[in-house]
Amino acid sequence: MSQSSGLLVIDLQYGFSPKPDLVERIRDAAQEYSVVVATRFVNLPGSLFRTRLNDGHDGGAVIDVGHEIVLEKTGYGLNQAAIDALREFPEITEWGLVGSRTGACIMACGFSLWDAGIPFHVIRHLCVEEKGPLCEVVDAVLQRQFGV
């Protein structure tokens, strides 16, 4: 892997119960990147996840895959502080996205990166896939909106 590529590990948290095989594959892949950053979803009291979706679930601790920093996020995508933190790695010209909840969080992070002008690609075999027809829809949106 090029030294100019970073790995962004999205919401790989114990509370989301990722399969051990996925965690190991991400951990192995992370060794090939010069920079590895993780995100941690935090479900705040009164959030729309709690009030609209009736989802009080919190992802808990981030699983260590060799990341340098953890960026907290309270929604699906990345906030300005997270975007600014990623820009602290000027040698990284493109981020590879991996992790949990492809249909929501990875896609939302893709929109955040795109809107910030930060190139990225999705490493699908290192993402939790949606089941059934939703998987096809997610792939279609990622391809159409980002060409990834």
# chains A, B, ... in the order shown; residues from 1 in each chain; ligands from 1

$ residues_around --residues "range 18-31 of chain A" --least-positions-apart "5" --cutoff "12 Å" --atoms "only C-alpha atoms" --output "VMD selection string"
chain A and resid 1 to 3 5 to 13 36 to 38 59 62 to 68 95 to 101 123 to 129

$ select_by_dssp --residues "chain A" --states "helix (DSSP H, G or I)" --output "NGL selection string"
:A and (14-16 or 20-30 or 48-51 or 80-86 or 102-115 or 133-146)

$ write_last_selection --atoms "C-alpha atoms" --output "CSV table (one decimal), in the first residue's frame"
chain,number,residue,atom,x,y,z
A,14,TYR,CA,-17.2,-4.0,21.1
A,15,GLY,CA,-20.8,-2.9,21.5
A,16,PHE,CA,-21.5,-3.6,17.9
A,20,PRO,CA,-13.7,-11.8,15.1
A,21,ASP,CA,-12.7,-12.6,11.5
A,22,LEU,CA,-13.5,-9.1,10.3
A,23,VAL,CA,-11.5,-7.6,13.2
A,24,GLU,CA,-8.5,-9.8,12.4
A,25,ARG,CA,-8.6,-8.9,8.7
A,26,ILE,CA,-8.8,-5.2,9.5
A,27,ARG,CA,-6.0,-5.6,12.0
A,28,ASP,CA,-3.8,-7.3,9.4
A,29,ALA,CA,-4.7,-4.7,6.7
A,30,ALA,CA,-3.9,-1.8,9.1
A,48,LEU,CA,-32.2,11.4,17.5
A,49,PHE,CA,-31.0,7.8,17.6
A,50,ARG,CA,-32.7,7.6,21.1
A,51,THR,CA,-35.7,9.8,20.5
A,80,GLN,CA,-15.8,19.4,11.5
A,81,ALA,CA,-13.5,18.4,14.3
A,82,ALA,CA,-13.0,15.0,12.8
A,83,ILE,CA,-12.3,16.4,9.4
A,84,ASP,CA,-9.8,18.8,10.9
A,85,ALA,CA,-8.1,15.9,12.7
A,86,LEU,CA,-7.8,14.0,9.4
A,102,THR,CA,-21.7,0.1,5.7
A,103,GLY,CA,-25.2,1.3,4.8
A,104,ALA,CA,-25.2,4.1,7.3
A,105,CYS,CA,-22.0,5.1,8.9
A,106,ILE,CA,-19.5,4.3,6.1
A,107,MET,CA,-21.7,5.9,3.5
A,108,ALA,CA,-22.2,9.0,5.8
A,109,CYS,CA,-18.5,9.3,6.4
A,110,GLY,CA,-18.0,9.1,2.7
A,111,PHE,CA,-20.4,12.0,2.2
A,112,SER,CA,-18.5,13.9,4.9
A,113,LEU,CA,-15.2,13.3,3.3
A,114,TRP,CA,-16.5,14.1,-0.2
A,115,ASP,CA,-18.0,17.4,1.0
A,133,PRO,CA,-31.4,-5.9,-1.3
A,134,LEU,CA,-30.0,-3.1,0.9
A,135,CYS,CA,-26.5,-4.3,0.0
A,136,GLU,CA,-27.2,-3.7,-3.6
A,137,VAL,CA,-28.7,-0.2,-2.9
A,138,VAL,CA,-25.7,0.8,-0.8
A,139,ASP,CA,-23.3,-0.3,-3.5
A,140,ALA,CA,-25.3,1.6,-6.1
A,141,VAL,CA,-25.2,4.8,-4.1
A,142,LEU,CA,-21.5,4.5,-3.3
A,143,GLN,CA,-20.7,4.0,-7.0
A,144,ARG,CA,-23.1,6.7,-8.3
A,145,GLN,CA,-22.2,9.4,-5.8
A,146,PHE,CA,-18.5,8.8,-5.3

$ select_by_dssp --residues "chain A" --states "strand (DSSP E or B)" --output "ChimeraX atom specification"
/A:5-10,13,35-41,62,69-73,94-99,120-127

$ closest_residue --among "A:Phe41, A:Tyr76, A:Tyr33, A:Phe120" --to "Thr93 in chain A" --atoms "only C-alpha atoms"
A:Phe120

$ atom_distance --atom1 "CA of Asn79 in chain A" --atom2 "CA of Glu32 in chain A"
26.6 Å

$ closest_residue --among "A:Glu91, A:Ser47, A:Ala61, A:Asn54" --to "Ser34 in chain A" --atoms "only C-alpha atoms"
A:Glu91

$ atom_distance --atom1 "CA of Lys73 in chain A" --atom2 "CA of Pro90 in chain A"
21.5 Å
